There are 2 protein chains.
Amino acid sequence: MKYCSTCGHLVEQRIPEGDNRHRYVCVSCETIHYQNPRIVAGTVPIWQGKILLCRRAIEPRYGYWTTSSFMENAETTIEAAERETREEALAEVDIEGLYSIIDVPHINQVHMFYRATLKNGEFGAGEESLETQLFALDDIPWNELSFPTVRKTLELFLEDFRKESYGVHVQDIRHPMSPSARRD
Amino acid sequence: MKYCSTCGHLVEQRIPEGDNRHRYVCVSCETIHYQNPRIVAGTVPIWQGKILLCRRAIEPRYGYWTTSSFMENAETTIEAAERETREEALAEVDIEGLYSIIDVPHINQVHMFYRATLKNGEFGAGEESLETQLFALDDIPWNELSFPTVRKTLELFLEDFRKESYGVHVQDIRHPMSPSARRD
Ligand SMILES: [Zn+2]
Ligand SMILES: [Zn+2]
């Protein structure tokens, strides 16, 4: 950030009065421009014991399998998760419950996944997907998953599936993606 | 938003290629300025069967009782909840588990509360608090709580406390604060 989005003048980094952190502050209109973590929301969408995944048609991680995207303003986390599933997989789901919250502090993101069941087994490839496919739990493409948060959530899900008991999991991933996990 | 924070030129609202929503887009450098919900994090801090609340020394809701604030970049939701409790109430806590997620879509916020126990019973008034006080569950100042999300979370907590069983609650509050609940 270099310019004030309110008045167009330059911003500087300083600690505002009564605060204890550096913020971008406009040198002209004094507006403080806070920066905050973003939420990524998605589902673990199940149909007849299989998990629905979408192969990304967009960067980053083009060609890798995913199930989530950024939450938008004016929606709830559940609505965001339902919308992502509708847009990416052309599938309508019933939300079963919150499943995982994975904090990723080094990139200022919080990923939230809800367990969900397809309403009628119908799905397809949305505009942001190359293809959409149901995977048996033994056939999950572990080496072609889009993000560490998806991998972590599916690992937890498999454990819970075997125990036939689904908790709510709060975890974090602090390291950057390993070089071997990167495509680009 | 009126100006591009990257180059200082004007932004316009339009739907970028491949998107389906209006975004602020710079007319000069074409940067898309996404806007996303913000997370508010806090604890329900317990000590010997009582709840610790802080009376706000800042706007909005100056003088009302609260227990949360905005999550910052580069921290996890648990770290944010611990930090808020430290800053507002000068109290160190052990996090017991995620308790509530309250979506507030009309103001683009997601509030997250963790159940917590004071480490040693010590607390005080931080810079953003007028005072900090332990309340018996029968004495919660319902008419002087800061935000509907705090009220909702404490209502759920009391129910669960009576049942001696704490779930994880996902709820939303869709209406604006009623005029009678506003101080300013
Ligand atoms: Zn300005
Ligand atoms: Zn620009």
# chains A, B, ... in the order shown; residues from 1 in each chain; ligands from 1

$ residues_near_ligand --ligand "ligand 1" --cutoff "10 Å" --atoms "only C-alpha atoms and all ligand atoms" --output "number ranges by chain"
A: 3-11, 25-33; B: 3

$ write_last_selection --atoms "all heavy atoms" --output "compact mmCIF listing (two decimals), in the first residue's frame"
# COMPACT_ATOMS: atom_id res chain seq x y z
N TYR A 3 -0.69 4.51 -1.48
CA TYR A 3 -1.56 5.68 -1.54
C TYR A 3 -2.84 5.45 -0.72
O TYR A 3 -3.28 4.32 -0.55
CB TYR A 3 -1.94 6.00 -2.99
CG TYR A 3 -0.75 6.35 -3.84
CD1 TYR A 3 -0.08 5.37 -4.57
CD2 TYR A 3 -0.27 7.67 -3.89
CE1 TYR A 3 1.04 5.70 -5.33
CE2 TYR A 3 0.85 7.99 -4.65
CZ TYR A 3 1.49 7.01 -5.37
OH TYR A 3 2.60 7.32 -6.11
N CYS A 4 -3.42 6.55 -0.27
CA CYS A 4 -4.66 6.51 0.51
C CYS A 4 -5.84 6.26 -0.42
O CYS A 4 -6.03 7.01 -1.38
CB CYS A 4 -4.84 7.84 1.25
SG CYS A 4 -6.42 7.98 2.09
N SER A 5 -6.61 5.20 -0.14
CA SER A 5 -7.74 4.87 -1.02
C SER A 5 -8.90 5.86 -0.83
O SER A 5 -9.83 5.89 -1.62
CB SER A 5 -8.22 3.44 -0.75
OG SER A 5 -8.57 3.29 0.61
N THR A 6 -8.84 6.68 0.21
CA THR A 6 -9.90 7.65 0.48
C THR A 6 -9.65 8.97 -0.27
O THR A 6 -10.56 9.55 -0.86
CB THR A 6 -10.01 7.94 1.99
OG1 THR A 6 -10.20 6.70 2.66
CG2 THR A 6 -11.17 8.87 2.30
N CYS A 7 -8.37 9.47 -0.24
CA CYS A 7 -8.11 10.80 -0.81
C CYS A 7 -7.00 10.80 -1.87
O CYS A 7 -6.77 11.82 -2.53
CB CYS A 7 -7.77 11.79 0.30
SG CYS A 7 -6.07 11.68 0.90
N GLY A 8 -6.27 9.68 -2.03
CA GLY A 8 -5.27 9.61 -3.09
C GLY A 8 -3.89 10.14 -2.72
O GLY A 8 -2.96 10.07 -3.53
N HIS A 9 -3.73 10.69 -1.51
CA HIS A 9 -2.40 11.14 -1.09
C HIS A 9 -1.56 9.95 -0.59
O HIS A 9 -2.06 8.85 -0.44
CB HIS A 9 -2.52 12.20 0.01
CG HIS A 9 -2.91 13.55 -0.51
ND1 HIS A 9 -4.22 13.89 -0.77
CD2 HIS A 9 -2.16 14.64 -0.85
CE1 HIS A 9 -4.28 15.13 -1.24
NE2 HIS A 9 -3.03 15.60 -1.30
N LEU A 10 -0.28 10.21 -0.32
CA LEU A 10 0.61 9.15 0.14
C LEU A 10 0.23 8.67 1.54
O LEU A 10 -0.28 9.45 2.35
CB LEU A 10 2.06 9.64 0.15
CG LEU A 10 2.74 9.77 -1.22
CD1 LEU A 10 4.06 10.54 -1.08
CD2 LEU A 10 3.01 8.39 -1.83
N VAL A 11 0.51 7.39 1.82
CA VAL A 11 0.39 6.89 3.20
C VAL A 11 1.80 6.68 3.76
O VAL A 11 2.76 6.51 3.01
CB VAL A 11 -0.38 5.55 3.27
CG1 VAL A 11 -1.84 5.74 2.88
CG2 VAL A 11 0.27 4.47 2.42
N VAL A 25 -1.05 5.00 7.47
CA VAL A 25 -1.84 6.18 7.83
C VAL A 25 -1.62 7.24 6.74
O VAL A 25 -0.49 7.49 6.31
CB VAL A 25 -1.39 6.76 9.19
CG1 VAL A 25 -2.28 7.95 9.58
CG2 VAL A 25 -1.43 5.69 10.27
N CYS A 26 -2.73 7.86 6.29
CA CYS A 26 -2.63 8.88 5.24
C CYS A 26 -1.99 10.14 5.80
O CYS A 26 -2.37 10.63 6.86
CB CYS A 26 -4.02 9.18 4.70
SG CYS A 26 -4.02 10.48 3.44
N VAL A 27 -1.01 10.68 5.07
CA VAL A 27 -0.34 11.90 5.53
C VAL A 27 -1.24 13.11 5.38
O VAL A 27 -1.00 14.16 6.00
CB VAL A 27 0.98 12.15 4.75
CG1 VAL A 27 1.97 11.01 4.98
CG2 VAL A 27 0.72 12.35 3.26
N SER A 28 -2.30 13.00 4.57
CA SER A 28 -3.17 14.15 4.34
C SER A 28 -4.46 14.07 5.17
O SER A 28 -4.72 14.92 6.00
CB SER A 28 -3.51 14.25 2.85
OG SER A 28 -4.45 15.27 2.63
N CYS A 29 -5.27 13.00 4.97
CA CYS A 29 -6.58 12.95 5.64
C CYS A 29 -6.53 12.14 6.94
O CYS A 29 -7.54 12.03 7.63
CB CYS A 29 -7.65 12.42 4.70
SG CYS A 29 -7.59 10.65 4.39
N GLU A 30 -5.36 11.55 7.26
CA GLU A 30 -5.16 10.84 8.54
C GLU A 30 -5.94 9.53 8.67
O GLU A 30 -5.97 8.92 9.73
CB GLU A 30 -5.53 11.75 9.74
CG GLU A 30 -4.69 12.99 9.87
CD GLU A 30 -3.35 12.74 10.60
OE1 GLU A 30 -3.38 12.16 11.71
OE2 GLU A 30 -2.31 13.12 10.04
N THR A 31 -6.59 9.10 7.59
CA THR A 31 -7.28 7.81 7.64
C THR A 31 -6.29 6.70 7.95
O THR A 31 -5.20 6.65 7.38
CB THR A 31 -7.97 7.52 6.29
OG1 THR A 31 -8.94 8.53 6.03
CG2 THR A 31 -8.67 6.15 6.32
N ILE A 32 -6.65 5.81 8.89
CA ILE A 32 -5.83 4.65 9.20
C ILE A 32 -6.35 3.47 8.36
O ILE A 32 -7.53 3.14 8.42
CB ILE A 32 -5.93 4.29 10.70
CG1 ILE A 32 -5.51 5.49 11.56
CG2 ILE A 32 -5.08 3.07 11.02
CD1 ILE A 32 -5.84 5.34 13.03
N HIS A 33 -5.46 2.88 7.57
CA HIS A 33 -5.87 1.76 6.71
C HIS A 33 -5.43 0.45 7.35
O HIS A 33 -4.29 0.03 7.19
CB HIS A 33 -5.28 1.93 5.32
CG HIS A 33 -5.77 3.17 4.62
ND1 HIS A 33 -7.01 3.23 4.02
CD2 HIS A 33 -5.22 4.40 4.47
CE1 HIS A 33 -7.19 4.44 3.51
NE2 HIS A 33 -6.12 5.16 3.76
N TYR B 3 -9.65 5.84 -4.51
CA TYR B 3 -8.35 5.86 -5.20
C TYR B 3 -7.64 4.51 -5.05
O TYR B 3 -7.85 3.78 -4.07
CB TYR B 3 -7.47 6.97 -4.61
CG TYR B 3 -8.04 8.35 -4.83
CD1 TYR B 3 -8.86 8.94 -3.87
CD2 TYR B 3 -7.79 9.05 -6.01
CE1 TYR B 3 -9.41 10.20 -4.08
CE2 TYR B 3 -8.33 10.30 -6.22
CZ TYR B 3 -9.14 10.88 -5.26
OH TYR B 3 -9.68 12.11 -5.46

$ residues_around --residues "stretch 132-137 of chain B" --least-positions-apart "2" --cutoff "9 Å" --atoms "only C-alpha atoms" --output "PyMOL selection string"
chain B and resi 46-47+49-55+65+88-90+123-126+129-130+139-141+158

$ write_last_selection --atoms "C-alpha atoms" --output "mmCIF file, in the first residue's frame"
data_model
loop_
_atom_site.group_PDB
_atom_site.id
_atom_site.type_symbol
_atom_site.label_atom_id
_atom_site.label_comp_id
_atom_site.auth_asym_id
_atom_site.auth_seq_id
_atom_site.Cartn_x
_atom_site.Cartn_y
_atom_site.Cartn_z
ATOM 1 C CA ILE B 46 -13.767 -18.153 33.274
ATOM 2 C CA TRP B 47 -12.387 -18.084 36.788
ATOM 3 C CA GLY B 49 -17.358 -20.185 37.885
ATOM 4 C CA LYS B 50 -17.406 -16.485 37.000
ATOM 5 C CA ILE B 51 -16.993 -14.703 33.648
ATOM 6 C CA LEU B 52 -14.449 -11.934 33.175
ATOM 7 C CA LEU B 53 -15.740 -8.935 31.217
ATOM 8 C CA CYS B 54 -14.140 -5.592 30.302
ATOM 9 C CA ARG B 55 -15.892 -2.236 30.118
ATOM 10 C CA TRP B 65 -19.019 -4.717 28.547
ATOM 11 C CA GLU B 88 -8.130 -5.688 27.432
ATOM 12 C CA ALA B 89 -8.140 -7.590 30.724
ATOM 13 C CA LEU B 90 -4.410 -8.007 31.536
ATOM 14 C CA PHE B 123 -6.605 -9.473 35.824
ATOM 15 C CA GLY B 124 -6.875 -5.730 35.489
ATOM 16 C CA ALA B 125 -7.968 -2.931 33.182
ATOM 17 C CA GLY B 126 -5.919 -2.683 29.976
ATOM 18 C CA SER B 129 -10.797 -0.838 29.252
ATOM 19 C CA LEU B 130 -12.351 1.375 31.931
ATOM 20 C CA ASP B 139 -25.204 -11.225 37.409
ATOM 21 C CA ILE B 140 -24.185 -10.748 33.764
ATOM 22 C CA PRO B 141 -24.994 -7.132 32.774
ATOM 23 C CA LEU B 158 -25.210 -20.126 30.105
#

$ select_by_dssp --residues "chain A" --states "alpha helix (DSSP H)" --output "mmCIF file with all heavy atoms, in the first residue's frame"
data_model
loop_
_atom_site.group_PDB
_atom_site.id
_atom_site.type_symbol
_atom_site.label_atom_id
_atom_site.label_comp_id
_atom_site.auth_asym_id
_atom_site.auth_seq_id
_atom_site.Cartn_x
_atom_site.Cartn_y
_atom_site.Cartn_z
ATOM 1 N N THR A 77 -20.285 -17.503 6.742
ATOM 2 C CA THR A 77 -19.297 -18.524 6.397
ATOM 3 C C THR A 77 -19.979 -19.742 5.767
ATOM 4 O O THR A 77 -19.442 -20.347 4.846
ATOM 5 C CB THR A 77 -18.495 -18.942 7.646
ATOM 6 O OG1 THR A 77 -19.396 -19.279 8.712
ATOM 7 C CG2 THR A 77 -17.605 -17.802 8.120
ATOM 8 N N ILE A 78 -21.171 -20.083 6.260
ATOM 9 C CA ILE A 78 -21.911 -21.207 5.665
ATOM 10 C C ILE A 78 -22.335 -20.871 4.241
ATOM 11 O O ILE A 78 -22.185 -21.681 3.318
ATOM 12 C CB ILE A 78 -23.135 -21.576 6.536
ATOM 13 C CG1 ILE A 78 -22.664 -22.293 7.804
ATOM 14 C CG2 ILE A 78 -24.131 -22.440 5.763
ATOM 15 C CD1 ILE A 78 -23.783 -22.625 8.788
ATOM 16 N N GLU A 79 -22.842 -19.654 4.044
ATOM 17 C CA GLU A 79 -23.230 -19.249 2.685
ATOM 18 C C GLU A 79 -22.026 -19.245 1.752
ATOM 19 O O GLU A 79 -22.135 -19.605 0.573
ATOM 20 C CB GLU A 79 -23.880 -17.863 2.714
ATOM 21 C CG GLU A 79 -25.274 -17.867 3.325
ATOM 22 C CD GLU A 79 -25.784 -16.467 3.648
ATOM 23 O OE1 GLU A 79 -25.007 -15.490 3.552
ATOM 24 O OE2 GLU A 79 -26.963 -16.355 4.022
ATOM 25 N N ALA A 80 -20.870 -18.824 2.262
ATOM 26 C CA ALA A 80 -19.650 -18.818 1.445
ATOM 27 C C ALA A 80 -19.276 -20.239 1.037
ATOM 28 O O ALA A 80 -18.948 -20.504 -0.123
ATOM 29 C CB ALA A 80 -18.506 -18.164 2.214
ATOM 30 N N ALA A 81 -19.332 -21.159 2.000
ATOM 31 C CA ALA A 81 -18.987 -22.551 1.712
ATOM 32 C C ALA A 81 -19.954 -23.158 0.691
ATOM 33 O O ALA A 81 -19.545 -23.848 -0.253
ATOM 34 C CB ALA A 81 -18.993 -23.367 3.005
ATOM 35 N N GLU A 82 -21.254 -22.878 0.858
ATOM 36 C CA GLU A 82 -22.257 -23.376 -0.100
ATOM 37 C C GLU A 82 -22.024 -22.771 -1.490
ATOM 38 O O GLU A 82 -22.098 -23.462 -2.513
ATOM 39 C CB GLU A 82 -23.669 -23.000 0.374
ATOM 40 C CG GLU A 82 -24.133 -23.759 1.602
ATOM 41 C CD GLU A 82 -25.440 -23.199 2.160
ATOM 42 O OE1 GLU A 82 -25.743 -21.997 1.933
ATOM 43 O OE2 GLU A 82 -26.152 -23.952 2.848
ATOM 44 N N ARG A 83 -21.743 -21.469 -1.521
ATOM 45 C CA ARG A 83 -21.551 -20.782 -2.806
ATOM 46 C C ARG A 83 -20.332 -21.316 -3.541
ATOM 47 O O ARG A 83 -20.372 -21.553 -4.752
ATOM 48 C CB ARG A 83 -21.404 -19.268 -2.565
ATOM 49 C CG ARG A 83 -21.147 -18.466 -3.849
ATOM 50 C CD ARG A 83 -20.961 -16.986 -3.579
ATOM 51 N NE ARG A 83 -19.942 -16.727 -2.566
ATOM 52 C CZ ARG A 83 -18.629 -16.850 -2.771
ATOM 53 N NH1 ARG A 83 -18.170 -17.241 -3.944
ATOM 54 N NH2 ARG A 83 -17.776 -16.606 -1.789
ATOM 55 N N GLU A 84 -19.218 -21.527 -2.800
ATOM 56 C CA GLU A 84 -18.023 -22.049 -3.453
ATOM 57 C C GLU A 84 -18.295 -23.418 -4.077
ATOM 58 O O GLU A 84 -17.836 -23.713 -5.167
ATOM 59 C CB GLU A 84 -16.871 -22.167 -2.445
ATOM 60 C CG GLU A 84 -16.361 -20.849 -1.904
ATOM 61 C CD GLU A 84 -15.863 -19.905 -2.978
ATOM 62 O OE1 GLU A 84 -15.601 -20.367 -4.107
ATOM 63 O OE2 GLU A 84 -15.747 -18.706 -2.699
ATOM 64 N N THR A 85 -19.061 -24.245 -3.350
ATOM 65 C CA THR A 85 -19.366 -25.586 -3.857
ATOM 66 C C THR A 85 -20.260 -25.501 -5.093
ATOM 67 O O THR A 85 -20.097 -26.250 -6.053
ATOM 68 C CB THR A 85 -20.035 -26.417 -2.743
ATOM 69 O OG1 THR A 85 -19.230 -26.329 -1.560
ATOM 70 C CG2 THR A 85 -20.149 -27.875 -3.150
ATOM 71 N N ARG A 86 -21.177 -24.529 -5.063
ATOM 72 C CA ARG A 86 -22.064 -24.326 -6.212
ATOM 73 C C ARG A 86 -21.265 -23.809 -7.409
ATOM 74 O O ARG A 86 -21.431 -24.289 -8.531
ATOM 75 C CB ARG A 86 -23.153 -23.323 -5.814
ATOM 76 C CG ARG A 86 -24.253 -23.123 -6.852
ATOM 77 C CD ARG A 86 -25.293 -22.118 -6.349
ATOM 78 N NE ARG A 86 -25.854 -22.517 -5.076
ATOM 79 C CZ ARG A 86 -25.805 -21.791 -3.947
ATOM 80 N NH1 ARG A 86 -25.219 -20.598 -3.944
ATOM 81 N NH2 ARG A 86 -26.323 -22.253 -2.834
ATOM 82 N N GLU A 87 -20.386 -22.835 -7.173
ATOM 83 C CA GLU A 87 -19.674 -22.214 -8.296
ATOM 84 C C GLU A 87 -18.619 -23.144 -8.887
ATOM 85 O O GLU A 87 -18.455 -23.228 -10.098
ATOM 86 C CB GLU A 87 -19.017 -20.899 -7.840
ATOM 87 C CG GLU A 87 -20.022 -19.784 -7.572
ATOM 88 C CD GLU A 87 -19.364 -18.478 -7.169
ATOM 89 O OE1 GLU A 87 -18.121 -18.416 -7.071
ATOM 90 O OE2 GLU A 87 -20.108 -17.504 -6.932
ATOM 91 N N GLU A 88 -17.868 -23.835 -8.017
ATOM 92 C CA GLU A 88 -16.755 -24.656 -8.498
ATOM 93 C C GLU A 88 -17.220 -26.020 -8.991
ATOM 94 O O GLU A 88 -16.648 -26.572 -9.929
ATOM 95 C CB GLU A 88 -15.722 -24.853 -7.379
ATOM 96 C CG GLU A 88 -15.047 -23.561 -6.967
ATOM 97 C CD GLU A 88 -14.093 -23.750 -5.791
ATOM 98 O OE1 GLU A 88 -13.979 -24.888 -5.281
ATOM 99 O OE2 GLU A 88 -13.482 -22.758 -5.377
ATOM 100 N N ALA A 89 -18.246 -26.571 -8.308
ATOM 101 C CA ALA A 89 -18.634 -27.968 -8.575
ATOM 102 C C ALA A 89 -20.068 -28.097 -9.075
ATOM 103 O O ALA A 89 -20.537 -29.215 -9.301
ATOM 104 C CB ALA A 89 -18.471 -28.799 -7.312
ATOM 105 N N PRO A 148 -2.147 -26.822 1.431
ATOM 106 C CA PRO A 148 -1.931 -27.606 2.660
ATOM 107 C C PRO A 148 -3.164 -27.664 3.556
ATOM 108 O O PRO A 148 -3.362 -28.637 4.270
ATOM 109 C CB PRO A 148 -0.791 -26.850 3.359
ATOM 110 C CG PRO A 148 -0.081 -26.115 2.274
ATOM 111 C CD PRO A 148 -1.137 -25.765 1.264
ATOM 112 N N THR A 149 -4.007 -26.627 3.512
ATOM 113 C CA THR A 149 -5.213 -26.637 4.357
ATOM 114 C C THR A 149 -6.210 -27.690 3.878
ATOM 115 O O THR A 149 -6.930 -28.266 4.692
ATOM 116 C CB THR A 149 -5.893 -25.260 4.346
ATOM 117 O OG1 THR A 149 -6.120 -24.861 2.997
ATOM 118 C CG2 THR A 149 -5.018 -24.222 5.045
ATOM 119 N N VAL A 150 -6.274 -27.915 2.577
ATOM 120 C CA VAL A 150 -7.159 -28.952 2.032
ATOM 121 C C VAL A 150 -6.636 -30.327 2.447
ATOM 122 O O VAL A 150 -7.389 -31.191 2.912
ATOM 123 C CB VAL A 150 -7.254 -28.836 0.494
ATOM 124 C CG1 VAL A 150 -8.026 -30.017 -0.087
ATOM 125 C CG2 VAL A 150 -7.893 -27.515 0.090
ATOM 126 N N ARG A 151 -5.312 -30.510 2.301
ATOM 127 C CA ARG A 151 -4.697 -31.778 2.711
ATOM 128 C C ARG A 151 -4.966 -32.053 4.192
ATOM 129 O O ARG A 151 -5.413 -33.139 4.567
ATOM 130 C CB ARG A 151 -3.187 -31.739 2.460
ATOM 131 C CG ARG A 151 -2.415 -32.844 3.182
ATOM 132 C CD ARG A 151 -0.922 -32.706 2.958
ATOM 133 N NE ARG A 151 -0.556 -33.238 1.666
ATOM 134 C CZ ARG A 151 -0.186 -34.509 1.456
ATOM 135 N NH1 ARG A 151 -0.131 -35.380 2.470
ATOM 136 N NH2 ARG A 151 0.139 -34.917 0.265
ATOM 137 N N LYS A 152 -4.699 -31.063 5.028
ATOM 138 C CA LYS A 152 -4.890 -31.238 6.481
ATOM 139 C C LYS A 152 -6.338 -31.598 6.790
ATOM 140 O O LYS A 152 -6.615 -32.521 7.573
ATOM 141 C CB LYS A 152 -4.470 -29.945 7.203
ATOM 142 C CG LYS A 152 -4.806 -29.855 8.657
ATOM 143 C CD LYS A 152 -4.121 -30.927 9.488
ATOM 144 C CE LYS A 152 -2.629 -30.653 9.654
ATOM 145 N NZ LYS A 152 -1.998 -31.771 10.434
ATOM 146 N N THR A 153 -7.267 -30.900 6.152
ATOM 147 C CA THR A 153 -8.687 -31.159 6.420
ATOM 148 C C THR A 153 -9.088 -32.555 5.964
ATOM 149 O O THR A 153 -9.802 -33.261 6.682
ATOM 150 C CB THR A 153 -9.549 -30.089 5.715
ATOM 151 O OG1 THR A 153 -9.267 -28.817 6.324
ATOM 152 C CG2 THR A 153 -11.034 -30.390 5.846
ATOM 153 N N LEU A 154 -8.607 -32.981 4.813
ATOM 154 C CA LEU A 154 -8.965 -34.324 4.333
ATOM 155 C C LEU A 154 -8.302 -35.408 5.185
ATOM 156 O O LEU A 154 -8.889 -36.469 5.428
ATOM 157 C CB LEU A 154 -8.595 -34.478 2.853
ATOM 158 C CG LEU A 154 -9.387 -33.583 1.889
ATOM 159 C CD1 LEU A 154 -9.003 -33.871 0.448
ATOM 160 C CD2 LEU A 154 -10.892 -33.763 2.081
ATOM 161 N N GLU A 155 -7.074 -35.158 5.675
ATOM 162 C CA GLU A 155 -6.427 -36.106 6.594
ATOM 163 C C GLU A 155 -7.256 -36.275 7.865
ATOM 164 O O GLU A 155 -7.505 -37.400 8.323
ATOM 165 C CB GLU A 155 -5.024 -35.610 6.973
ATOM 166 C CG GLU A 155 -3.982 -35.784 5.870
ATOM 167 C CD GLU A 155 -2.655 -35.091 6.194
ATOM 168 O OE1 GLU A 155 -2.572 -34.370 7.208
ATOM 169 O OE2 GLU A 155 -1.702 -35.261 5.413
ATOM 170 N N LEU A 156 -7.703 -35.142 8.427
ATOM 171 C CA LEU A 156 -8.542 -35.201 9.629
ATOM 172 C C LEU A 156 -9.842 -35.950 9.330
ATOM 173 O O LEU A 156 -10.318 -36.767 10.126
ATOM 174 C CB LEU A 156 -8.861 -33.776 10.116
ATOM 175 C CG LEU A 156 -7.690 -32.978 10.676
ATOM 176 C CD1 LEU A 156 -8.037 -31.495 10.760
ATOM 177 C CD2 LEU A 156 -7.303 -33.504 12.064
ATOM 178 N N PHE A 157 -10.408 -35.653 8.154
ATOM 179 C CA PHE A 157 -11.686 -36.253 7.793
ATOM 180 C C PHE A 157 -11.578 -37.776 7.693
ATOM 181 O O PHE A 157 -12.451 -38.507 8.159
ATOM 182 C CB PHE A 157 -12.195 -35.667 6.474
ATOM 183 C CG PHE A 157 -13.583 -36.109 6.129
ATOM 184 C CD1 PHE A 157 -14.667 -35.420 6.640
ATOM 185 C CD2 PHE A 157 -13.805 -37.217 5.332
ATOM 186 C CE1 PHE A 157 -15.960 -35.833 6.356
ATOM 187 C CE2 PHE A 157 -15.091 -37.639 5.041
ATOM 188 C CZ PHE A 157 -16.165 -36.942 5.554
ATOM 189 N N LEU A 158 -10.498 -38.266 7.095
ATOM 190 C CA LEU A 158 -10.315 -39.716 6.974
ATOM 191 C C LEU A 158 -10.207 -40.389 8.336
ATOM 192 O O LEU A 158 -10.806 -41.451 8.565
ATOM 193 C CB LEU A 158 -9.081 -40.035 6.128
ATOM 194 C CG LEU A 158 -9.427 -40.512 4.717
ATOM 195 C CD1 LEU A 158 -10.005 -39.376 3.896
ATOM 196 C CD2 LEU A 158 -8.230 -41.135 4.037
ATOM 197 N N GLU A 159 -9.438 -39.759 9.225
ATOM 198 C CA GLU A 159 -9.333 -40.283 10.603
ATOM 199 C C GLU A 159 -10.711 -40.376 11.256
ATOM 200 O O GLU A 159 -11.070 -41.396 11.837
ATOM 201 C CB GLU A 159 -8.482 -39.331 11.455
ATOM 202 C CG GLU A 159 -7.023 -39.700 11.591
ATOM 203 C CD GLU A 159 -6.302 -38.653 12.418
ATOM 204 O OE1 GLU A 159 -6.752 -38.378 13.554
ATOM 205 O OE2 GLU A 159 -5.306 -38.108 11.902
ATOM 206 N N ASP A 160 -11.460 -39.250 11.175
ATOM 207 C CA ASP A 160 -12.772 -39.206 11.821
ATOM 208 C C ASP A 160 -13.744 -40.182 11.163
ATOM 209 O O ASP A 160 -14.586 -40.780 11.833
ATOM 210 C CB ASP A 160 -13.345 -37.785 11.767
ATOM 211 C CG ASP A 160 -12.662 -36.862 12.765
ATOM 212 O OD1 ASP A 160 -11.759 -37.336 13.481
ATOM 213 O OD2 ASP A 160 -13.024 -35.681 12.818
ATOM 214 N N PHE A 161 -13.632 -40.326 9.840
ATOM 215 C CA PHE A 161 -14.507 -41.254 9.113
ATOM 216 C C PHE A 161 -14.318 -42.667 9.636
ATOM 217 O O PHE A 161 -15.286 -43.404 9.863
ATOM 218 C CB PHE A 161 -14.201 -41.188 7.613
ATOM 219 C CG PHE A 161 -15.051 -42.098 6.784
ATOM 220 C CD1 PHE A 161 -16.310 -41.702 6.349
ATOM 221 C CD2 PHE A 161 -14.600 -43.372 6.442
ATOM 222 C CE1 PHE A 161 -17.095 -42.551 5.592
ATOM 223 C CE2 PHE A 161 -15.387 -44.224 5.680
ATOM 224 C CZ PHE A 161 -16.633 -43.807 5.255
ATOM 225 N N ARG A 162 -13.049 -43.040 9.871
ATOM 226 C CA ARG A 162 -12.766 -44.391 10.377
ATOM 227 C C ARG A 162 -13.324 -44.573 11.784
ATOM 228 O O ARG A 162 -13.772 -45.653 12.150
ATOM 229 C CB ARG A 162 -11.254 -44.649 10.360
ATOM 230 C CG ARG A 162 -10.713 -44.807 8.950
ATOM 231 C CD ARG A 162 -9.302 -45.375 8.909
ATOM 232 N NE ARG A 162 -8.738 -45.153 7.575
ATOM 233 C CZ ARG A 162 -7.856 -44.202 7.274
ATOM 234 N NH1 ARG A 162 -7.406 -43.401 8.221
ATOM 235 N NH2 ARG A 162 -7.420 -44.052 6.034
ATOM 236 N N LYS A 163 -13.285 -43.488 12.579
ATOM 237 C CA LYS A 163 -13.816 -43.551 13.949
ATOM 238 C C LYS A 163 -15.336 -43.370 13.979
ATOM 239 O O LYS A 163 -15.961 -43.487 15.021
ATOM 240 C CB LYS A 163 -13.174 -42.453 14.815
ATOM 241 C CG LYS A 163 -11.704 -42.696 15.128
ATOM 242 C CD LYS A 163 -11.172 -41.668 16.114
ATOM 243 C CE LYS A 163 -11.133 -40.282 15.493
ATOM 244 N NZ LYS A 163 -10.429 -39.286 16.315
#

$ select_by_dssp --residues "chain A" --states "strand (DSSP E or B)" --output "PyMOL selection string"
chain A and resi 3+10-14+23-26+32-33+38-47+50-56+65-66+68-70+93-104+109-118+129-136+145+169-172

$ residues_around --residues "A:Ala41" --least-positions-apart "4" --cutoff "7 Å" --atoms "only C-alpha atoms" --output "ChimeraX atom specification"
/A:68-71,77,80-81,111-113

$ interface_residues --of "chain B" --to "chain A" --cutoff "6 Å" --atoms "only C-alpha atoms" --output "PyMOL selection string"
chain B and resi 1-6+8+36-37+72-76+103+105-106+108

$ residues_around --residues "B:Ile95" --least-positions-apart "4" --cutoff "9 Å" --atoms "only C-alpha atoms" --output "short mmCIF file (atom, residue, chain, number, x, y, z; two decimals) with N, CA and C atoms, in the first residue's frame"
data_model
loop_
_atom_site.label_atom_id
_atom_site.label_comp_id
_atom_site.auth_asym_id
_atom_site.auth_seq_id
_atom_site.Cartn_x
_atom_site.Cartn_y
_atom_site.Cartn_z
N THR B 43 -12.39 -14.31 23.87
CA THR B 43 -12.58 -15.48 24.73
C THR B 43 -13.83 -15.29 25.58
N PRO B 45 -13.77 -15.87 29.18
CA PRO B 45 -12.74 -16.20 30.17
C PRO B 45 -13.37 -16.48 31.54
N ILE B 78 -6.64 -18.33 17.64
CA ILE B 78 -6.39 -18.57 19.07
C ILE B 78 -5.45 -17.49 19.63
N ALA B 81 -7.41 -14.33 20.11
CA ALA B 81 -8.29 -14.38 21.28
C ALA B 81 -7.47 -14.21 22.57
N GLU B 82 -6.32 -14.87 22.64
CA GLU B 82 -5.45 -14.73 23.82
C GLU B 82 -4.94 -13.29 23.96
N TYR B 114 -13.51 -18.26 21.88
CA TYR B 114 -12.96 -19.48 22.46
C TYR B 114 -13.29 -19.51 23.96
N ARG B 115 -13.64 -20.69 24.48
CA ARG B 115 -13.74 -20.86 25.93
C ARG B 115 -12.33 -20.84 26.51
N ALA B 116 -12.17 -20.21 27.67
CA ALA B 116 -10.84 -20.08 28.24
C ALA B 116 -10.94 -20.04 29.76
N THR B 117 -9.85 -20.41 30.41
CA THR B 117 -9.77 -20.34 31.87
C THR B 117 -8.60 -19.43 32.23
N LEU B 118 -8.80 -18.54 33.19
CA LEU B 118 -7.70 -17.70 33.65
C LEU B 118 -6.60 -18.60 34.21
#
